[in-house]
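Each remark here refers to the structure printed beneath this line.
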Amino acid sequence: MKKQTQISNCASWLRYCLMLLLCCGLIDAALAGVMTRAELVKRYPSPYIVGEKDSPLPVWPIYQQDATSNRLVGYAFESIDLAPIPGFAGVPLNLLITLDPKGNFLDLKVLSQHEPVFVDGLGEAPLLAFISQYKGMSLKQNMRILTGSNSRKNNSTETAQLDGVTKATASVHIINQTILSSALRVARKKLGFAEGRDPELMARIKADYFEVRSVRQLISDGLIKPFKLSNAELESSFSNTAGRGLDSDALAHPQDNFIELYAAYVSVPGIGRNLLGAAGWEKLQNRLEPGDQAILFLTKGRYSLLSEDFVPGSTSERIILKQDKLPIEMRDLNLELELKDKLGMEVVTAFKISTQAGLDPSLPLDFVMQVTRYKGAILPEKIVRDFAFDYKIPARFYSVPEGTDKAWSGIWHDKRGEISVLALALAILSTALVLQKKLVAKQRRFAIFRNVYLLFTLGFIGWYAQGQLSIVNLTGVLQAMLAGRSLSYFLYDPITLILIIFVGISLLLWGRGTFCGWLCPFGALQEFTANIGQYFKIPQIRLKVETVARLKWLKYLVLAAILSCALFSSHTTDLLVEVEPFKTAITLNFIRSWPFVLYASGLLFANLFIYKFFCRFLCPFGASLALLGRFKILNWIPRRAECGKPCQTCRHACDYQAIKRTGEIQYEECFQCMDCVVIYQSDEKCAPLMLQKKRARHIPIMESST
């Protein structure tokens, strides 16, 4: 009770200090860009000119001196100003990105980064190699990150594929989102890209798909969309307005068509080539840039989509295109096409939709035709009526990205195999722990189950799926919350997120032991190392109870030091978290500079003599779980009245020395190895059960009646 009070007081003190630091402004609420115009001028010397930083959007325009004018080369900006997405240290990567006026990446430089795997791990070289791949690529391309040595690149004007970084899959996905999200914000505000539309998520027209169809078949298949408006329908729409009765022709000939219109998505080869013919198709292609799309309108009747004062090459106010309720600009191509006689139409008008507009061919095109009437000669009243129709092409004419590296859902889809295996394994572990009596009923069967599961933890969760939980996960959350950032970066690492959720639930049920004893890859490696030491009969050092009581506080001091530094300095935190050998032994498979390898190997060597030395006395993540595990619901280890008084069997058998002389379990030090539960259930090892068994075998001598 006294210890619980001390912990509660300590937590209150930490909360008070944190609030005080925030109020005093000693902790930055958020990171901001560090680049100055002077520094940028050094990076872009003459003949380049660095303009003034934009106020609404933190970007610098970059110009190049020409003979008579200054030509806009692009925009430079820091990713942290536009997309401060936290990495796994809870701190965003900061890149200097330069984007040209067409949405192509001109240059990318790393200004700062705290990704654990790239800080004294793999080093920055793989990170620099990864971001260098973006140079020359376009925001209009669908970008995907390749994984695996057998992946093949298949780059095109529509697709860009990037080589990932082994051991840093989740980190490069976060970096990819940082680059694309920040660049898209600039493209939408400065380059005319459509708001809310991400080019990476849009469908693409299949340039190589074609099927022969007549014009009649195109209409019957809905590939040419008809729309008719009669004079009667037009007049009806104005019936309750000041514009009713102003069109004498509509009143005189109500059954005649006001307009007969046909819309065709002519940039789709299966539509345009059939409708325009070879010469017309070639003429259209010569007027479109890669990624541009075109809509053709064929009309006849009293109304034209082009007003009397329409300027060729401009937009028409009489026909509007929307998608997802957002307007999309259609600009006249001023293209002469010989289709009037062929279709019996009076006017043929082609409109271009630039690739920056963000038109998605997989979604319906919502057209609105506007008809305006004026009442009065001086300052006439304007009355407008809208007539809507939609148009959608079949799925066979376009391709939809299978997934996107920018969206976390695509990563979950790509890793669905690993997720399924992990989910099954966690379900098996949960069942085993709930049914612990059956699990430990036979010692040999339990030993096999435990060793196989620990081998799975080390091999699959650790080395293969890179699911080693760490103090970095905790410092990342702390730094992200202090800066007011989202924790959504965990979504980019589904294995880690699933483990965090499971460990959180297990903490409430059983305490720290479920993770430390079953799901920690480095813990499993230590256990196998200890087993090797015992097999070769290496002398085991069992520390005195008093020594253990003092040493176990070391991990809490290490935890306090790391969390304190996380409040002030990301760089110092990056250094302190190296007290954990997880990155060296699990993430990088000991392929690292010699001091880190020597340190991790030294801990494993110490483990040969002192059982799980690091886990018990130094691990800061284990310390955090021990503190959180105090709020567990279950005292799941069964006890008898004889435990500790006088029986000491379990205490002597516990390699973690987590059982007091009184028989009480110290759950904050328990690793859920269940050795004591095996003893508790065995009438060959548990002294009270052995005594009961011996008494049951005693046959009393009965006195003779004679």
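Convention: chains lettered A, B, ... in structure tokens order; per-chain residue numbering from 1; ligands numbered from 1 as shown.
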Among stretch 40-92 of chain A, which residues does DSSP mark as strand (DSSP E or B) when it is run on the backbone? Keep the chain and numbering as in the structure and answer as a ChimeraX atom specification.
/A:48-50,59-65,70-78,86,92
Take the residues from that selection and write them out as a PDB file, in the first residue's frame, keeping C-alpha atoms.
ATOM      1  CA  TYR A  48      18.596  31.867 -59.759  1.00  0.00           C
ATOM      2  CA  ILE A  49      16.665  34.403 -57.713  1.00  0.00           C
ATOM      3  CA  VAL A  50      14.937  33.444 -54.455  1.00  0.00           C
ATOM      4  CA  VAL A  59       6.960  28.610 -49.729  1.00  0.00           C
ATOM      5  CA  TRP A  60       9.715  30.468 -51.579  1.00  0.00           C
ATOM      6  CA  PRO A  61       9.340  31.077 -55.313  1.00  0.00           C
ATOM      7  CA  ILE A  62      12.540  30.348 -57.246  1.00  0.00           C
ATOM      8  CA  TYR A  63      13.157  32.321 -60.464  1.00  0.00           C
ATOM      9  CA  GLN A  64      15.794  32.089 -63.176  1.00  0.00           C
ATOM     10  CA  GLN A  65      17.166  35.163 -64.887  1.00  0.00           C
ATOM     11  CA  ASN A  70      12.595  36.256 -64.645  1.00  0.00           C
ATOM     12  CA  ARG A  71      11.141  32.827 -65.329  1.00  0.00           C
ATOM     13  CA  LEU A  72       9.505  30.873 -62.486  1.00  0.00           C
ATOM     14  CA  VAL A  73      11.504  27.688 -61.939  1.00  0.00           C
ATOM     15  CA  GLY A  74       9.549  26.312 -59.017  1.00  0.00           C
ATOM     16  CA  TYR A  75       8.684  26.569 -55.336  1.00  0.00           C
ATOM     17  CA  ALA A  76      10.895  25.545 -52.413  1.00  0.00           C
ATOM     18  CA  PHE A  77       9.371  24.601 -49.063  1.00  0.00           C
ATOM     19  CA  GLU A  78       9.993  22.651 -45.876  1.00  0.00           C
ATOM     20  CA  PRO A  86       5.528  12.233 -36.842  1.00  0.00           C
ATOM     21  CA  PRO A  92       8.482  14.707 -37.982  1.00  0.00           C
TER      22      PRO A  92
END
Expected answer as a PDB file with C-alpha atoms, in the first residue's frame: alpha helix (DSSP H) residues in stretch 321-504 of chain A:
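Contents of the output file result_1.pdb:
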ATOM      1  CA  LYS A 340     -21.632  17.790 -88.151  1.00  0.00           C
ATOM      2  CA  ASP A 341     -22.712  15.955 -91.281  1.00  0.00           C
ATOM      3  CA  LYS A 342     -21.842  12.574 -89.826  1.00  0.00           C
ATOM      4  CA  LEU A 343     -24.128  12.960 -86.810  1.00  0.00           C
ATOM      5  CA  TRP A 408      -2.188   3.454 -44.611  1.00  0.00           C
ATOM      6  CA  SER A 409      -5.009   1.159 -45.768  1.00  0.00           C
ATOM      7  CA  GLY A 410      -2.855   0.099 -48.716  1.00  0.00           C
ATOM      8  CA  ILE A 411      -0.099  -0.989 -46.323  1.00  0.00           C
ATOM      9  CA  TRP A 412      -2.557  -3.077 -44.313  1.00  0.00           C
ATOM     10  CA  HIS A 413      -3.715  -4.660 -47.548  1.00  0.00           C
ATOM     11  CA  ASP A 414      -0.136  -5.461 -48.588  1.00  0.00           C
ATOM     12  CA  ARG A 416      -2.596  -8.921 -44.790  1.00  0.00           C
ATOM     13  CA  GLY A 417      -0.647 -12.205 -44.721  1.00  0.00           C
ATOM     14  CA  GLU A 418       1.586 -11.104 -41.846  1.00  0.00           C
ATOM     15  CA  ILE A 419      -1.403  -9.620 -40.031  1.00  0.00           C
ATOM     16  CA  SER A 420      -3.332 -12.890 -40.306  1.00  0.00           C
ATOM     17  CA  VAL A 421      -0.406 -14.916 -38.956  1.00  0.00           C
ATOM     18  CA  LEU A 422       0.073 -12.524 -36.037  1.00  0.00           C
ATOM     19  CA  ALA A 423      -3.649 -12.447 -35.235  1.00  0.00           C
ATOM     20  CA  LEU A 424      -3.766 -16.244 -35.169  1.00  0.00           C
ATOM     21  CA  ALA A 425      -0.679 -16.409 -32.958  1.00  0.00           C
ATOM     22  CA  LEU A 426      -2.093 -13.900 -30.484  1.00  0.00           C
ATOM     23  CA  ALA A 427      -5.377 -15.798 -30.394  1.00  0.00           C
ATOM     24  CA  ILE A 428      -3.459 -19.008 -29.590  1.00  0.00           C
ATOM     25  CA  LEU A 429      -1.486 -17.276 -26.837  1.00  0.00           C
ATOM     26  CA  SER A 430      -4.622 -15.734 -25.336  1.00  0.00           C
ATOM     27  CA  THR A 431      -6.371 -19.100 -25.278  1.00  0.00           C
ATOM     28  CA  ALA A 432      -3.343 -20.755 -23.708  1.00  0.00           C
ATOM     29  CA  LEU A 433      -3.069 -18.139 -20.962  1.00  0.00           C
ATOM     30  CA  VAL A 434      -6.780 -18.275 -20.175  1.00  0.00           C
ATOM     31  CA  GLN A 436      -3.383 -22.158 -18.072  1.00  0.00           C
ATOM     32  CA  LYS A 437      -4.334 -25.173 -15.965  1.00  0.00           C
ATOM     33  CA  LYS A 438      -4.672 -27.335 -19.052  1.00  0.00           C
ATOM     34  CA  LEU A 439      -1.579 -25.766 -20.577  1.00  0.00           C
ATOM     35  CA  GLN A 443       5.321 -30.203 -18.088  1.00  0.00           C
ATOM     36  CA  ARG A 444       6.951 -31.560 -21.253  1.00  0.00           C
ATOM     37  CA  ARG A 445       4.050 -30.432 -23.446  1.00  0.00           C
ATOM     38  CA  PHE A 446       4.168 -26.969 -21.863  1.00  0.00           C
ATOM     39  CA  ALA A 447       7.936 -26.708 -22.370  1.00  0.00           C
ATOM     40  CA  ILE A 448       7.545 -27.573 -26.062  1.00  0.00           C
ATOM     41  CA  PHE A 449       4.720 -25.044 -26.485  1.00  0.00           C
ATOM     42  CA  ARG A 450       6.709 -22.286 -24.795  1.00  0.00           C
ATOM     43  CA  ASN A 451       9.896 -22.873 -26.772  1.00  0.00           C
ATOM     44  CA  VAL A 452       8.035 -23.053 -30.080  1.00  0.00           C
ATOM     45  CA  TYR A 453       6.164 -19.857 -29.298  1.00  0.00           C
ATOM     46  CA  LEU A 454       9.319 -18.017 -28.270  1.00  0.00           C
ATOM     47  CA  LEU A 455      10.954 -19.197 -31.478  1.00  0.00           C
ATOM     48  CA  PHE A 456       7.991 -17.712 -33.380  1.00  0.00           C
ATOM     49  CA  ILE A 471      10.811   2.534 -25.396  1.00  0.00           C
ATOM     50  CA  VAL A 472      10.921   4.472 -28.694  1.00  0.00           C
ATOM     51  CA  ASN A 473       7.209   3.739 -29.058  1.00  0.00           C
ATOM     52  CA  LEU A 474       6.612   5.460 -25.719  1.00  0.00           C
ATOM     53  CA  THR A 475       8.881   8.466 -26.318  1.00  0.00           C
ATOM     54  CA  GLY A 476       7.330   8.853 -29.760  1.00  0.00           C
ATOM     55  CA  VAL A 477       3.848   9.069 -28.262  1.00  0.00           C
ATOM     56  CA  LEU A 478       5.069  11.531 -25.601  1.00  0.00           C
ATOM     57  CA  GLN A 479       6.777  13.845 -28.105  1.00  0.00           C
ATOM     58  CA  ALA A 480       3.855  13.698 -30.533  1.00  0.00           C
ATOM     59  CA  MET A 481       1.340  14.537 -27.795  1.00  0.00           C
ATOM     60  CA  LEU A 482       3.462  17.403 -26.462  1.00  0.00           C
ATOM     61  CA  PRO A 494       0.205  -2.628 -38.590  1.00  0.00           C
ATOM     62  CA  ILE A 495       2.294  -5.281 -36.809  1.00  0.00           C
ATOM     63  CA  THR A 496       3.460  -2.801 -34.179  1.00  0.00           C
ATOM     64  CA  LEU A 497      -0.019  -1.320 -33.764  1.00  0.00           C
ATOM     65  CA  ILE A 498      -1.656  -4.731 -33.292  1.00  0.00           C
ATOM     66  CA  LEU A 499       0.978  -5.696 -30.723  1.00  0.00           C
ATOM     67  CA  ILE A 500       0.522  -2.405 -28.839  1.00  0.00           C
ATOM     68  CA  ILE A 501      -3.236  -2.947 -28.642  1.00  0.00           C
ATOM     69  CA  PHE A 502      -2.820  -6.566 -27.528  1.00  0.00           C
ATOM     70  CA  VAL A 503      -0.170  -5.682 -24.932  1.00  0.00           C
ATOM     71  CA  GLY A 504      -2.405  -2.883 -23.634  1.00  0.00           C
TER      72      GLY A 504
END
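Here the question is which of A:Gly629, A:Leu306, A:Ser354, A:Cys676 gets nearest to A:Arg651 using only C-alpha atoms, and that residue is A:Cys676.
The spacing separating atom CA of A:Gln672 from atom CA of A:Leu618 amounts to 18.4 Å.
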Inset, instruction - Find the spatial neighbours of A:Ala279, counting only C-alpha atoms, within a cut-off of 12 Å - ignore same-chain residues fewer than 5 positions away - and output them as a ChimeraX atom specification. - result: /A:272-274,284-286,336-339
Check: Residues at most 12 Å from A:Arg216, counting only C-alpha atoms, excluding those fewer than 4 positions away in the same chain, as a PyMOL selection string?
Finding: chain A and resi 212+220-226+271+274-275+342-343
Write the selection just made, keeping N, CA, C and O atoms, as a short mmCIF file (atom, residue, chain, number, x, y, z; two decimals), in the first residue's frame?
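As a result, selection.cif now contains:
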data_model
loop_
_atom_site.label_atom_id
_atom_site.label_comp_id
_atom_site.auth_asym_id
_atom_site.auth_seq_id
_atom_site.Cartn_x
_atom_site.Cartn_y
_atom_site.Cartn_z
N VAL A 212 -13.92 -1.89 -81.14
CA VAL A 212 -14.58 -1.26 -82.28
C VAL A 212 -16.07 -1.13 -82.01
O VAL A 212 -16.74 -2.10 -81.65
N SER A 220 -26.08 3.57 -77.73
CA SER A 220 -26.88 2.53 -77.04
C SER A 220 -26.15 1.98 -75.82
O SER A 220 -26.79 1.58 -74.85
N ASP A 221 -24.81 1.97 -75.85
CA ASP A 221 -24.03 1.49 -74.70
C ASP A 221 -23.84 2.56 -73.63
O ASP A 221 -23.23 2.29 -72.59
N GLY A 222 -24.33 3.76 -73.90
CA GLY A 222 -24.18 4.84 -72.93
C GLY A 222 -22.82 5.51 -72.97
O GLY A 222 -22.50 6.32 -72.09
N LEU A 223 -22.00 5.19 -73.97
CA LEU A 223 -20.67 5.80 -74.08
C LEU A 223 -20.76 7.20 -74.68
O LEU A 223 -19.83 8.00 -74.53
N ILE A 224 -21.81 7.47 -75.40
CA ILE A 224 -22.17 8.83 -75.79
C ILE A 224 -23.47 9.14 -75.07
O ILE A 224 -24.47 8.46 -75.24
N LYS A 225 -23.42 10.15 -74.21
CA LYS A 225 -24.55 10.45 -73.33
C LYS A 225 -25.50 11.47 -73.97
O LYS A 225 -25.10 12.61 -74.25
N PRO A 226 -26.77 11.10 -74.22
CA PRO A 226 -27.73 12.06 -74.78
C PRO A 226 -28.42 12.86 -73.67
O PRO A 226 -28.62 12.38 -72.56
N ILE A 271 -13.79 5.35 -77.08
CA ILE A 271 -14.86 6.27 -77.48
C ILE A 271 -14.35 7.22 -78.57
O ILE A 271 -14.95 7.35 -79.63
N ASN A 274 -13.36 5.73 -82.14
CA ASN A 274 -14.54 5.32 -82.91
C ASN A 274 -15.34 6.52 -83.41
O ASN A 274 -15.88 6.51 -84.52
N LEU A 275 -15.43 7.55 -82.59
CA LEU A 275 -16.25 8.70 -82.94
C LEU A 275 -15.53 9.66 -83.89
O LEU A 275 -16.13 10.16 -84.85
N LYS A 342 -21.84 13.99 -90.21
CA LYS A 342 -21.84 12.57 -89.83
C LYS A 342 -22.93 12.28 -88.81
O LYS A 342 -23.57 11.23 -88.84
N LEU A 343 -23.18 13.20 -87.90
CA LEU A 343 -24.13 12.96 -86.81
C LEU A 343 -25.38 13.83 -86.90
O LEU A 343 -26.27 13.71 -86.06
#
- Could you name the residues that touch A:Pro361 at 9 Å or less, counting only C-alpha atoms, but leaving out those on the same chain fewer than 5 positions away, as number ranges by chain? A: 202-205, 392-393, 395, 397-398
Take the residues from that selection and put them in a file with C-alpha atoms, as a PDB file, in the first residue's frame.
ATOM      1  CA  MET A 202      -7.228   8.496 -58.989  1.00  0.00           C
ATOM      2  CA  ALA A 203      -8.051   5.996 -61.708  1.00  0.00           C
ATOM      3  CA  ARG A 204      -6.188   6.146 -65.024  1.00  0.00           C
ATOM      4  CA  ILE A 205      -7.623   5.801 -68.534  1.00  0.00           C
ATOM      5  CA  LYS A 392     -20.044   7.651 -66.270  1.00  0.00           C
ATOM      6  CA  ILE A 393     -17.872   5.353 -68.330  1.00  0.00           C
ATOM      7  CA  ALA A 395     -14.841   0.216 -65.507  1.00  0.00           C
ATOM      8  CA  PHE A 397     -11.956   1.715 -69.782  1.00  0.00           C
ATOM      9  CA  TYR A 398      -9.896   2.668 -66.735  1.00  0.00           C
TER      10      TYR A 398
END
Show me a table, sorted first by chain and then by increasing residue number, of the residues of stretch 584-631 of chain A having an atom at most 10 Å from stretch 535-549 of chain A, each with its shortest atom pair and the distance in Å to one decimal, counting only C-alpha atoms and written as JSON lines.
{"residue": "A:Asn607", "atom": "CA", "partner": "A:Gln540", "partner_atom": "CA", "distance": 9.3}
{"residue": "A:Leu608", "atom": "CA", "partner": "A:Ile538", "partner_atom": "CA", "distance": 7.1}
{"residue": "A:Phe609", "atom": "CA", "partner": "A:Gln540", "partner_atom": "CA", "distance": 4.7}
{"residue": "A:Ile610", "atom": "CA", "partner": "A:Ile541", "partner_atom": "CA", "distance": 5.4}
{"residue": "A:Tyr611", "atom": "CA", "partner": "A:Gln540", "partner_atom": "CA", "distance": 7.7}
{"residue": "A:Arg616", "atom": "CA", "partner": "A:Val548", "partner_atom": "CA", "distance": 9.0}
{"residue": "A:Phe617", "atom": "CA", "partner": "A:Val548", "partner_atom": "CA", "distance": 8.3}
Counting only C-alpha atoms, closest pick from A:Cys673, A:Leu487, A:Leu551, A:Cys650 relative to A:Ala687 is A:Cys650
Counting only C-alpha atoms, closest pick from A:Pro620, A:Val110, A:Leu575, A:Glu642 relative to A:Ala560 is A:Pro620
With a distance cut-off of 10 Å and only C-alpha atoms, select the neighbouring residues of A:Gly459, excluding the residue or stretch itself and same-chain residues fewer than 4 positions from it, and output the selection as JSON, numbers by chain.
-> {"A": [453, 454, 455, 463, 464, 465, 466, 521, 524, 525, 586]}
Hey, can you spit out that residue selection with N, CA, C and O atoms as a tab-separated table (two decimals), in the first residue's frame?
chain	number	residue	atom	x	y	z
A	453	TYR	N	6.74	-21.20	-29.21
A	453	TYR	CA	6.16	-19.86	-29.30
A	453	TYR	C	7.25	-18.79	-29.22
A	453	TYR	O	7.20	-17.78	-29.95
A	454	LEU	N	8.23	-18.98	-28.35
A	454	LEU	CA	9.32	-18.02	-28.27
A	454	LEU	C	10.14	-17.99	-29.55
A	454	LEU	O	10.63	-16.93	-29.97
A	455	LEU	N	10.27	-19.16	-30.19
A	455	LEU	CA	10.95	-19.20	-31.48
A	455	LEU	C	10.17	-18.41	-32.53
A	455	LEU	O	10.75	-17.69	-33.35
A	463	TRP	N	12.57	-10.75	-36.19
A	463	TRP	CA	13.44	-10.63	-37.35
A	463	TRP	C	12.69	-10.46	-38.67
A	463	TRP	O	13.13	-9.75	-39.56
A	464	TYR	N	11.53	-11.09	-38.81
A	464	TYR	CA	10.82	-11.01	-40.09
A	464	TYR	C	9.86	-9.81	-40.15
A	464	TYR	O	9.97	-8.97	-41.04
A	465	ALA	N	8.93	-9.73	-39.22
A	465	ALA	CA	7.89	-8.70	-39.28
A	465	ALA	C	8.32	-7.39	-38.62
A	465	ALA	O	7.60	-6.40	-38.71
A	466	GLN	N	9.50	-7.37	-37.98
A	466	GLN	CA	10.02	-6.15	-37.36
A	466	GLN	C	9.03	-5.57	-36.36
A	466	GLN	O	8.73	-4.37	-36.37
A	521	PRO	N	10.83	-10.07	-28.71
A	521	PRO	CA	11.83	-10.84	-29.45
A	521	PRO	C	13.19	-10.87	-28.77
A	521	PRO	O	13.84	-11.92	-28.73
A	524	ALA	N	13.02	-13.20	-25.91
A	524	ALA	CA	13.10	-14.59	-26.37
A	524	ALA	C	14.55	-14.96	-26.69
A	524	ALA	O	15.00	-16.07	-26.36
A	525	LEU	N	15.28	-14.04	-27.32
A	525	LEU	CA	16.68	-14.30	-27.63
A	525	LEU	C	17.48	-14.50	-26.36
A	525	LEU	O	18.35	-15.39	-26.29
A	586	ILE	N	17.73	-7.09	-33.07
A	586	ILE	CA	16.50	-7.53	-33.74
A	586	ILE	C	16.30	-6.82	-35.08
A	586	ILE	O	16.18	-7.44	-36.12
Non-local contacts of A:Thr649 (8 Å; only C-alpha atoms; under 4 positions in same chain excluded) as a PDB file with N, CA and C atoms, in the first residue's frame:
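Okay, out36.pdb is ready:
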ATOM      1  N   ALA A 653      12.709 -21.799  -7.327  1.00  0.00           N
ATOM      2  CA  ALA A 653      12.689 -22.177  -8.748  1.00  0.00           C
ATOM      3  C   ALA A 653      12.533 -20.971  -9.666  1.00  0.00           C
ATOM      4  N   LYS A 685       6.190 -32.002  -7.601  1.00  0.00           N
ATOM      5  CA  LYS A 685       7.081 -30.879  -7.342  1.00  0.00           C
ATOM      6  C   LYS A 685       6.575 -29.975  -6.219  1.00  0.00           C
ATOM      7  N   CYS A 686       5.265 -29.816  -6.119  1.00  0.00           N
ATOM      8  CA  CYS A 686       4.689 -28.938  -5.106  1.00  0.00           C
ATOM      9  C   CYS A 686       4.667 -29.662  -3.761  1.00  0.00           C
ATOM     10  N   ALA A 687       5.368 -29.117  -2.769  1.00  0.00           N
ATOM     11  CA  ALA A 687       5.487 -29.776  -1.467  1.00  0.00           C
ATOM     12  C   ALA A 687       4.132 -30.039  -0.813  1.00  0.00           C
TER      13      ALA A 687
END
